[in-house]
2 protein chains.
Amino acid sequence: MLDCDYLKIMTAGKKTYQNTILDIAEALKLSPATISRALNNHPYVKEKTRKDVMEMAQKLGYRRNHMASGLRSNRTNTVGLIIPRVSMFFHAEVITTIQNDLHKHGYNLIICQSNDSVSMERELTETLFASRVDALIAACTLQTVDFSHFDKFVEHQTPVIFYDRVPVDGYKATLIKGEDFKGAYLTTKHLIAAGCKRIAHISGPLTSNLYQDREAGFLKAMEEHGLPVQKEWIFHQELTHENAKLVMQALFEKDIVPDGLFANNDTSAIAAIEYAKEQNIDVPGKLKIAGYSNDPRTAIITPSVTSVEQFPNQVGKRIVEALIELLKHEEGGQMYKTEAIIIPVELITRASTATN
Amino acid sequence: MLDCDYLKIMTAGKKTYQNTILDIAEALKLSPATISRALNNHPYVKEKTRKDVMEMAQKLGYRRNHMASGLRSNRTNTVGLIIPRVSMFFHAEVITTIQNDLHKHGYNLIICQSNDSVSMERELTETLFASRVDALIAACTLQTVDFSHFDKFVEHQTPVIFYDRVPVDGYKATLIKGEDFKGAYLTTKHLIAAGCKRIAHISGPLTSNLYQDREAGFLKAMEEHGLPVQKEWIFHQELTHENAKLVMQALFEKDIVPDGLFANNDTSAIAAIEYAKEQNIDVPGKLKIAGYSNDPRTAIITPSVTSVEQFPNQVGKRIVEALIELLKHEEGGQMYKTEAIIIPVELITRASTATN
DNA sequence: GTATTTTATGAAAACGTTTTCATAATCTTT
DNA sequence: AAAGATTATGAAAACGTTTTCATAAAATAC
C-alpha cells in the first residue's frame with residue numbers, strides 16, 4: 001500500500017475536480033499560507049519546501065484561481081482595451097502587438113469595441129471597471145469630447161493610456177500619439193512639390209484632436225507655399241468609402257477641379273482612385289492622391305497610393321512598455337506619464353503622386 | 001441636518017473608495033443578501049425594495065465586483081478566444097462579430113494569439129483555464145494535430161467551440177466550419193469552365209483539415225473533368241507572400257507552364273498576380289488565378305482576383321449563438337453540439353479568371 | 001552560552017459576493 | 001379564523017486565495 005493519500009483528492013466524489021491550495025497543503029501536511037508563499041516565490045520559504053510544493057502542484061494539476069487571488073490581492077493581471085473596431089488595419093496591428101507583449105508580462109487582455117459609439121464606449125468603461133482591470137488602454141471614438149467616463153479609473157488609481165484619439169493634454173492619463181501634424185504637413189508639401197496647386201482635403205470630424213492636428217499641418221504647408229485654401233474643398237465627414245465617392249462627385253462636377261487630394265485615410269483615397277478610374281481622370285497625371293495609414297491596400301491598387309506609415313507595431317510596443325512601467329511601482333508612483341509619447345510617422349510615396 | 005449618513009461611506013478615510021453591497025445594505029438598513037438579490041433580479045424581493053436598492057446603488061456609484069461574484073458563483077461571464085493572429089482579415093472580422101454579440105449577452109472576451117505556434121497555444125489554454133473562462137473559442141494552429149491541451153475544459157464541463165481549423169469529428173466540442181471541400185471544388189470547376197487545362201494548386205500544410213478538404217475538392221473537380229493532376233504542381237507550404245513567389249518562379253522557369261492557379265489564400269494569389277505582372281504573363285489571358293477568403297485586397301488589385309467568400313461575420317454570429325445556447329442550460333445539458341455547424345461559401349468571380 | 005537577528009511556518013482574518021437555510025410576513029384557501 | 005402556501009428577508013457559510021500577526025526554528029552576534 002503506497003502513501004498516495006492525496007490521490008483521493010483527485011477522485012473524491014466532489015462536484016468539481018478542481019484542486020486547490022488546500023489540497024496541496026493537506027497532501028504535504030503544510031499550511032495553505034506556506035503553499036501560497038511557495039507558489040508566489042515569497043523569499044521566506046525553504047528551498048526544499050518550495051520544491052515539494054511545486055511538485056505536488058504539478059502532480060495534482062493545480063491551477064491558481066485567478067478570481068480568488070484577484071479578490072484578495074486586488075489585482076487581476078488583466079488589462080482592458082477599448083477601441084472603435086478590431087477589424088481596422090491600424091487597430092488590428094496595434095492589438096496584435098499589445099496582446100503579444102502583455103502576455104509576456106503575464107497579463108491578459110480584454111478587448112471591447114465601441115463601434116465608434118460614444119454611449120457604447122461609456123458603457124464599456126463601466127464593464128471594464130467592474131471587472132477591476134489593472135489598467136485601461138483606449139482609442140476613443142471620433143465623437144468623444146467629454147472624457148469623464150474615464151474619471152473613475154483615474155480616481156481609483158488605475159492607469160489609463162490613450163492612443164490615436166486622445167483627450168487634451170492635462171488629463172491625468174498617459175497619451176500616445178502619432179505625429180499627425182507632421183504627417184499631414186509632409187504629405188501636403190509632397191503634393192505641392194509634385195506640382196499640385198489646387199489641393200482638396202478630405203478630413204474627419206474636427207471633434208477629434210487627430211484631424212485638428214492634421215488639418216493644421218495641411219494648412220501650414222499650404223500657407224508656406226502661398227497656396228490659397230478653399231474652404232469648400234475641405235470636407236469634414238466620417239471617412240467612409242461612400243462619403244469619399246460623394247465628395248469626388250461634388251468636386252468634379254464643377255468647372256474648376258482640384259489637381260491634388262489629401263485624404264485622411266486610405267479608404268477615402270482608394271475610393272478616390274476608383275472614382276478617377278471610372279471617370280477616366282488620369283492619376284497621377286491630372287490628379288494626385290495621397291492617403292493616410294499605409295493600409296496594405298495602398299500598395300496593391302493601381303496606381304499605388306502614397307500614404308503615411310504610422311508604425312502600429314511601434315505604437316503597441318510603446319503602449320505596453322509604458323503600462324508595465326506604470327504598473328510596476330503601483331501605490332505611490334505616478335499613475336501616468338506627464339508627457340505624451342510620440343510615435344514618428346513616415347511618408348511613403350507611391351505612383352499616385354508621381355511626377356512627369 | 002439631513003439624513004445622509006450613507007454619504008460618510010463615500011468619504012470615509014478608507015484606502016479605497018469602492019462601495020460594496022455592504023455599504024448599500026447599511027445605508028438602507030437591509031441585509032447584504034437582500035441587496036444581492038435585488039441587484040440580480042431575484043423574484044423574491046419586494047418591488048419597493050428593489051427600487052430603493054437600485055437607487056442607492058446608483059447614488060453610491062456601486063459597481064459589482066466581478067471577481068467576488070465569480071468566485072462565489074463559479075461563473076466569470078468571460079469567454080476566452082485563441083486564434084493564430086488578430087490581424088488576419090478573416091479572423092479580425094470574426095472577432096469583431098464575436099465580441100459585439102457576446103457583449104450583448106453580458107459576456108467579456110479575452111483574446112489570445114497563438115502566433116501559429118503550438119506551444120504557445122498550449123500555454124494559452126493554461127492561462128485561460130486558470131482564468132476560469134465560462135467557455136472557450138479556438139481557431140487552432142495549422143500544426144495542431146494533438147488537441148489534448150483542450151481536454152481540461154471538456155473534463156471541467158466548459159464548452160469549447162472550434163472554428164476554421166478544427167479537430168476531427170468525435171471530439172467533445174462544437175465544430176464550426178466552412179464548406180472547404182465545396183469552395184475548392186467550385187473554384188476549380190470555375191477555372192476549368194474558363195478553359196484551364198493545366199491547373200497548379202498552392203495548398204497549406206496537410207496537417208490541417210482545412211487543406212485536406214480543399215485539396216479533395218480540387219482533386220474531385222479535376223477528376224470529374226478528366227484532367228490530369230500533376231503531383232509536382234501541388235504545393236504544401238505556409239501560405240506566405242514569399243513562398244508563393246518562389247512557387248511561381250519554379251513553375252514558370254519550366255517548359256510546360258500552368259494556365260490556371262488555385263491558391264489557398266489571397267496573399268498567395270496576390271503574390272502570383274504580382275509575379276505575373278513582373279514577368280509580363282497575361283492574366284487572365286495566359287494564366288487564370290483564383291484565391292481564397294475574399295480579402296478586400298482581391299477586389300482592389302488589377303486584375304481583381306476571383307476568390308471564395310467565407311462570410312466571417314456569419315461565422316462569428318453562429319459561434320455566439322451556439323455558445324449562448326450551450327451556456328444557458330449549463331449543468332446537465334450537453335456541453336457541445338453533436339453535429340458540426342457548416343457556414344456556406346460563395347465563389348466570387350472577378351477579372352483574374354475572366355474568359356477572352 | 002545567551003541575546004539578537006533572520007528565516008520559516010501556521011492560524012486566522014480578509015477580500016465582496018452568492019446561496020442555503022431558517023424564519024418572518026403576507027396572501028390564499030378552507 | 002386556522003392552516004397552508006407563497007413571498008420577503010436575514011444570518012451565516014462558502015468560494016480560494018493572500019496577508020497580517022504571531023511564533024517557532026535556525027543562524028548570527030556578542
# chains A, B, ... in the order shown; residues from 1 in each chain; ligands from 1
>>> residues_around(residues="Leu30 in chain A", least_positions_apart="4", cutoff="10 Å", atoms="only C-alpha atoms (C1' of nucleotides)", output="VMD selection string")
(chain A and resid 22 to 26 34 to 35 49 53) or (chain C and resid 9 to 10)
>>> write_last_selection(atoms="N, CA and C atoms (P, O5', C5', C4', C3', O3' and C1' of nucleotides)", output="compact mmCIF listing (two decimals), in the first residue's frame")
# COMPACT_ATOMS: atom_id res chain seq x y z
N LEU A 22 -5.54 24.21 -0.71
CA LEU A 22 -5.79 23.41 0.49
C LEU A 22 -5.48 21.94 0.26
N ASP A 23 -5.73 21.50 -0.95
CA ASP A 23 -5.44 20.11 -1.27
C ASP A 23 -3.95 19.85 -1.24
N ILE A 24 -3.21 20.81 -1.77
CA ILE A 24 -1.76 20.68 -1.73
C ILE A 24 -1.29 20.71 -0.28
N ALA A 25 -1.86 21.63 0.49
CA ALA A 25 -1.49 21.75 1.90
C ALA A 25 -1.73 20.44 2.64
N GLU A 26 -2.87 19.86 2.40
CA GLU A 26 -3.22 18.63 3.07
C GLU A 26 -2.28 17.50 2.68
N THR A 34 1.73 28.64 3.61
CA THR A 34 3.03 28.26 3.06
C THR A 34 2.93 27.89 1.59
N ILE A 35 1.89 27.19 1.26
CA ILE A 35 1.71 26.82 -0.15
C ILE A 35 1.62 28.07 -1.01
N THR A 49 10.99 23.01 0.66
CA THR A 49 9.53 23.15 0.71
C THR A 49 8.98 23.61 -0.63
N VAL A 53 6.31 21.65 -2.93
CA VAL A 53 5.03 22.26 -3.30
C VAL A 53 4.85 22.27 -4.81
P DT C 9 9.41 26.22 5.68
O5' DT C 9 8.19 26.61 6.61
C5' DT C 9 7.82 25.72 7.64
C4' DT C 9 6.78 26.37 8.49
C3' DT C 9 5.37 26.34 7.96
O3' DT C 9 4.73 25.17 8.43
C1' DT C 9 5.87 28.33 9.19
P DG C 10 3.22 24.86 8.08
O5' DG C 10 2.45 25.71 9.18
C5' DG C 10 2.70 25.46 10.55
C4' DG C 10 1.73 26.25 11.41
C3' DG C 10 0.27 26.14 10.96
O3' DG C 10 -0.54 26.13 12.12
C1' DG C 10 0.93 28.39 10.92
>>> closest_atom_pairs(of="chain C", to="range 7-28 of chain D", cutoff="8 Å", atoms="only C-alpha atoms (C1' of nucleotides)", output="JSON lines")
{"residue": "C:DT5", "atom": "C1'", "partner": "D:DT28", "partner_atom": "C1'", "distance": 7.0}
{"residue": "C:DT6", "atom": "C1'", "partner": "D:DA27", "partner_atom": "C1'", "distance": 6.9}
{"residue": "C:DT7", "atom": "C1'", "partner": "D:DA26", "partner_atom": "C1'", "distance": 7.0}
{"residue": "C:DA8", "atom": "C1'", "partner": "D:DA25", "partner_atom": "C1'", "distance": 7.3}
{"residue": "C:DT9", "atom": "C1'", "partner": "D:DA24", "partner_atom": "C1'", "distance": 7.7}
{"residue": "C:DA24", "atom": "C1'", "partner": "D:DT9", "partner_atom": "C1'", "distance": 7.6}
{"residue": "C:DA25", "atom": "C1'", "partner": "D:DA8", "partner_atom": "C1'", "distance": 7.2}
{"residue": "C:DT26", "atom": "C1'", "partner": "D:DT7", "partner_atom": "C1'", "distance": 6.9}
>>> closest_residue(among="B:Glu47, B:Glu123, B:Glu55, B:Glu223", to="chain D", atoms="only C-alpha atoms (C1' of nucleotides)")
B:Glu47
>>> closest_residue(among="A:Lys172, A:Lys51, A:His156, A:Lys177", to="chain B", atoms="only C-alpha atoms")
A:His156
>>> select_by_dssp(residues="range 209-300 of chain B", states="helix (DSSP H, G or I)", output="JSON, numbers by chain")
{"B": [209, 210, 211, 212, 213, 214, 215, 216, 217, 218, 219, 220, 221, 222, 223, 224, 231, 232, 233, 241, 242, 243, 244, 245, 246, 247, 248, 249, 250, 251, 252, 266, 267, 268, 269, 270, 271, 272, 273, 274, 275, 276, 277, 278, 296, 297, 298, 299, 300]}
>>> write_last_selection(atoms="C-alpha atoms", output="short mmCIF file (atom, residue, chain, number, x, y, z; two decimals), in the first residue's frame")
data_model
loop_
_atom_site.label_atom_id
_atom_site.label_comp_id
_atom_site.auth_asym_id
_atom_site.auth_seq_id
_atom_site.Cartn_x
_atom_site.Cartn_y
_atom_site.Cartn_z
CA ASN B 209 -8.35 19.52 -42.03
CA LEU B 210 -8.88 22.76 -43.89
CA TYR B 211 -6.39 22.00 -46.61
CA GLN B 212 -7.18 18.32 -46.71
CA ASP B 213 -10.78 19.15 -47.53
CA ARG B 214 -9.87 21.77 -50.07
CA GLU B 215 -7.40 19.53 -51.80
CA ALA B 216 -10.05 16.84 -52.00
CA GLY B 217 -12.39 19.35 -53.60
CA PHE B 218 -9.72 20.36 -56.08
CA LEU B 219 -8.95 16.76 -56.99
CA LYS B 220 -12.60 15.86 -57.34
CA ALA B 221 -13.21 18.65 -59.83
CA MET B 222 -10.12 17.76 -61.82
CA GLU B 223 -11.09 14.13 -61.90
CA GLU B 224 -14.65 14.86 -62.97
CA LYS B 231 1.87 15.92 -58.30
CA GLU B 232 4.65 18.46 -58.67
CA TRP B 233 2.10 21.20 -59.30
CA HIS B 241 3.74 36.05 -49.98
CA GLU B 242 7.36 34.92 -50.33
CA ASN B 243 6.57 31.24 -50.65
CA ALA B 244 4.02 31.94 -53.34
CA LYS B 245 6.55 33.95 -55.34
CA LEU B 246 9.02 31.10 -55.10
CA VAL B 247 6.41 28.70 -56.36
CA MET B 248 5.69 30.94 -59.32
CA GLN B 249 9.37 31.14 -60.19
CA ALA B 250 9.69 27.39 -60.02
CA LEU B 251 6.60 26.87 -62.16
CA PHE B 252 7.45 29.37 -64.84
CA ASP B 266 -5.46 35.55 -51.14
CA THR B 267 -1.99 36.54 -50.10
CA SER B 268 -0.64 33.79 -52.33
CA ALA B 269 -2.98 34.69 -55.17
CA ILE B 270 -1.91 38.31 -54.96
CA ALA B 271 1.74 37.33 -54.95
CA ALA B 272 1.05 35.31 -58.09
CA ILE B 273 -0.60 38.29 -59.76
CA GLU B 274 2.40 40.42 -58.88
CA TYR B 275 4.77 37.83 -60.30
CA ALA B 276 2.74 37.65 -63.47
CA LYS B 277 2.88 41.43 -63.84
CA GLU B 278 6.63 41.45 -63.39
CA PRO B 296 -10.58 43.17 -49.54
CA ARG B 297 -7.34 43.34 -51.45
CA THR B 298 -8.68 40.91 -54.04
CA ALA B 299 -11.28 43.40 -55.17
CA ILE B 300 -8.78 46.22 -55.45
#
>>> select_by_dssp(residues="range 95-211 of chain B", states="strand (DSSP E)", output="VMD selection string")
chain B and resid 108 to 113 135 to 138 160 to 163 174 to 178 199 to 203
>>> closest_residue(among="A:Ile137, A:Leu28, A:Val308, A:Leu124", to="chain B", atoms="only C-alpha atoms")
A:Leu124
>>> interface_residues(of="chain B", to="chain D", cutoff="7 Å", atoms="only C-alpha atoms (C1' of nucleotides)", output="MDAnalysis selection string")
chainID B and resid 31 34 44:46 71:72
>>> write_last_selection(atoms="C-alpha atoms", output="JSON list (two decimals), in the first residue's frame")
[["chain", "number", "residue", "atom", "x", "y", "z"],
["B", 31, "SER", "CA", -29.06, 42.69, 4.79],
["B", 34, "THR", "CA", -31.35, 41.21, 0.05],
["B", 44, "TYR", "CA", -38.41, 37.09, -4.10],
["B", 45, "VAL", "CA", -37.75, 40.74, -3.46],
["B", 46, "LYS", "CA", -40.35, 43.43, -2.97],
["B", 71, "LEU", "CA", -15.52, 33.33, -7.08],
["B", 72, "ARG", "CA", -18.72, 32.61, -5.28]]
>>> residues_around(residues="Thr187 in chain B", least_positions_apart="5", cutoff="12 Å", atoms="only C-alpha atoms (C1' of nucleotides)", output="number ranges by chain")
B: 180-182, 192-194, 196, 199, 201, 214-215, 217-222, 260-264, 288-293, 305-309, 345-350, 353
>>> write_last_selection(atoms="C-alpha atoms", output="JSON list (two decimals), in the first residue's frame")
[["chain", "number", "residue", "atom", "x", "y", "z"],
["B", 180, "ASP", "CA", -13.97, 23.89, -47.68],
["B", 181, "PHE", "CA", -14.48, 20.98, -50.00],
["B", 182, "LYS", "CA", -17.19, 22.82, -51.87],
["B", 192, "ILE", "CA", -11.88, 24.55, -65.84],
["B", 193, "ALA", "CA", -15.02, 26.09, -67.27],
["B", 194, "ALA", "CA", -12.95, 29.17, -68.10],
["B", 196, "CYS", "CA", -7.89, 25.99, -67.91],
["B", 199, "ILE", "CA", -4.01, 23.88, -63.11],
["B", 201, "HIS", "CA", -2.51, 24.28, -56.72],
["B", 214, "ARG", "CA", -9.87, 21.77, -50.07],
["B", 215, "GLU", "CA", -7.40, 19.53, -51.80],
["B", 217, "GLY", "CA", -12.39, 19.35, -53.60],
["B", 218, "PHE", "CA", -9.72, 20.36, -56.08],
["B", 219, "LEU", "CA", -8.95, 16.76, -56.99],
["B", 220, "LYS", "CA", -12.60, 15.86, -57.34],
["B", 221, "ALA", "CA", -13.21, 18.65, -59.83],
["B", 222, "MET", "CA", -10.12, 17.76, -61.82],
["B", 260, "GLY", "CA", -4.52, 28.12, -64.13],
["B", 261, "LEU", "CA", -3.64, 28.56, -60.48],
["B", 262, "PHE", "CA", -5.78, 27.85, -57.47],
["B", 263, "ALA", "CA", -4.15, 29.40, -54.40],
["B", 264, "ASN", "CA", -5.43, 28.57, -50.96],
["B", 288, "LYS", "CA", -6.07, 32.44, -64.62],
["B", 289, "ILE", "CA", -5.71, 32.85, -60.89],
["B", 290, "ALA", "CA", -8.09, 32.23, -58.00],
["B", 291, "GLY", "CA", -7.61, 32.76, -54.26],
["B", 292, "TYR", "CA", -9.49, 32.02, -51.08],
["B", 293, "SER", "CA", -11.14, 34.16, -48.38],
["B", 305, "VAL", "CA", -8.94, 38.29, -58.11],
["B", 306, "THR", "CA", -11.57, 35.58, -58.05],
["B", 307, "SER", "CA", -11.91, 34.29, -54.52],
["B", 308, "VAL", "CA", -14.12, 32.38, -52.12],
["B", 309, "GLU", "CA", -16.20, 34.36, -49.65],
["B", 345, "VAL", "CA", -19.23, 29.64, -49.02],
["B", 346, "GLU", "CA", -19.70, 31.59, -52.21],
["B", 347, "LEU", "CA", -17.43, 31.87, -55.19],
["B", 348, "ILE", "CA", -16.84, 35.48, -56.17],
["B", 349, "THR", "CA", -15.67, 35.58, -59.76],
["B", 350, "ARG", "CA", -13.54, 38.50, -60.87],
["B", 353, "THR", "CA", -10.42, 34.28, -64.21]]
>>> interface_residues(of="chain A", to="chain B", cutoff="6 Å", atoms="only C-alpha atoms", output="ChimeraX atom specification")
/A:63-68,71,86-87,92-93,96,109-110,130-131,297,300-301
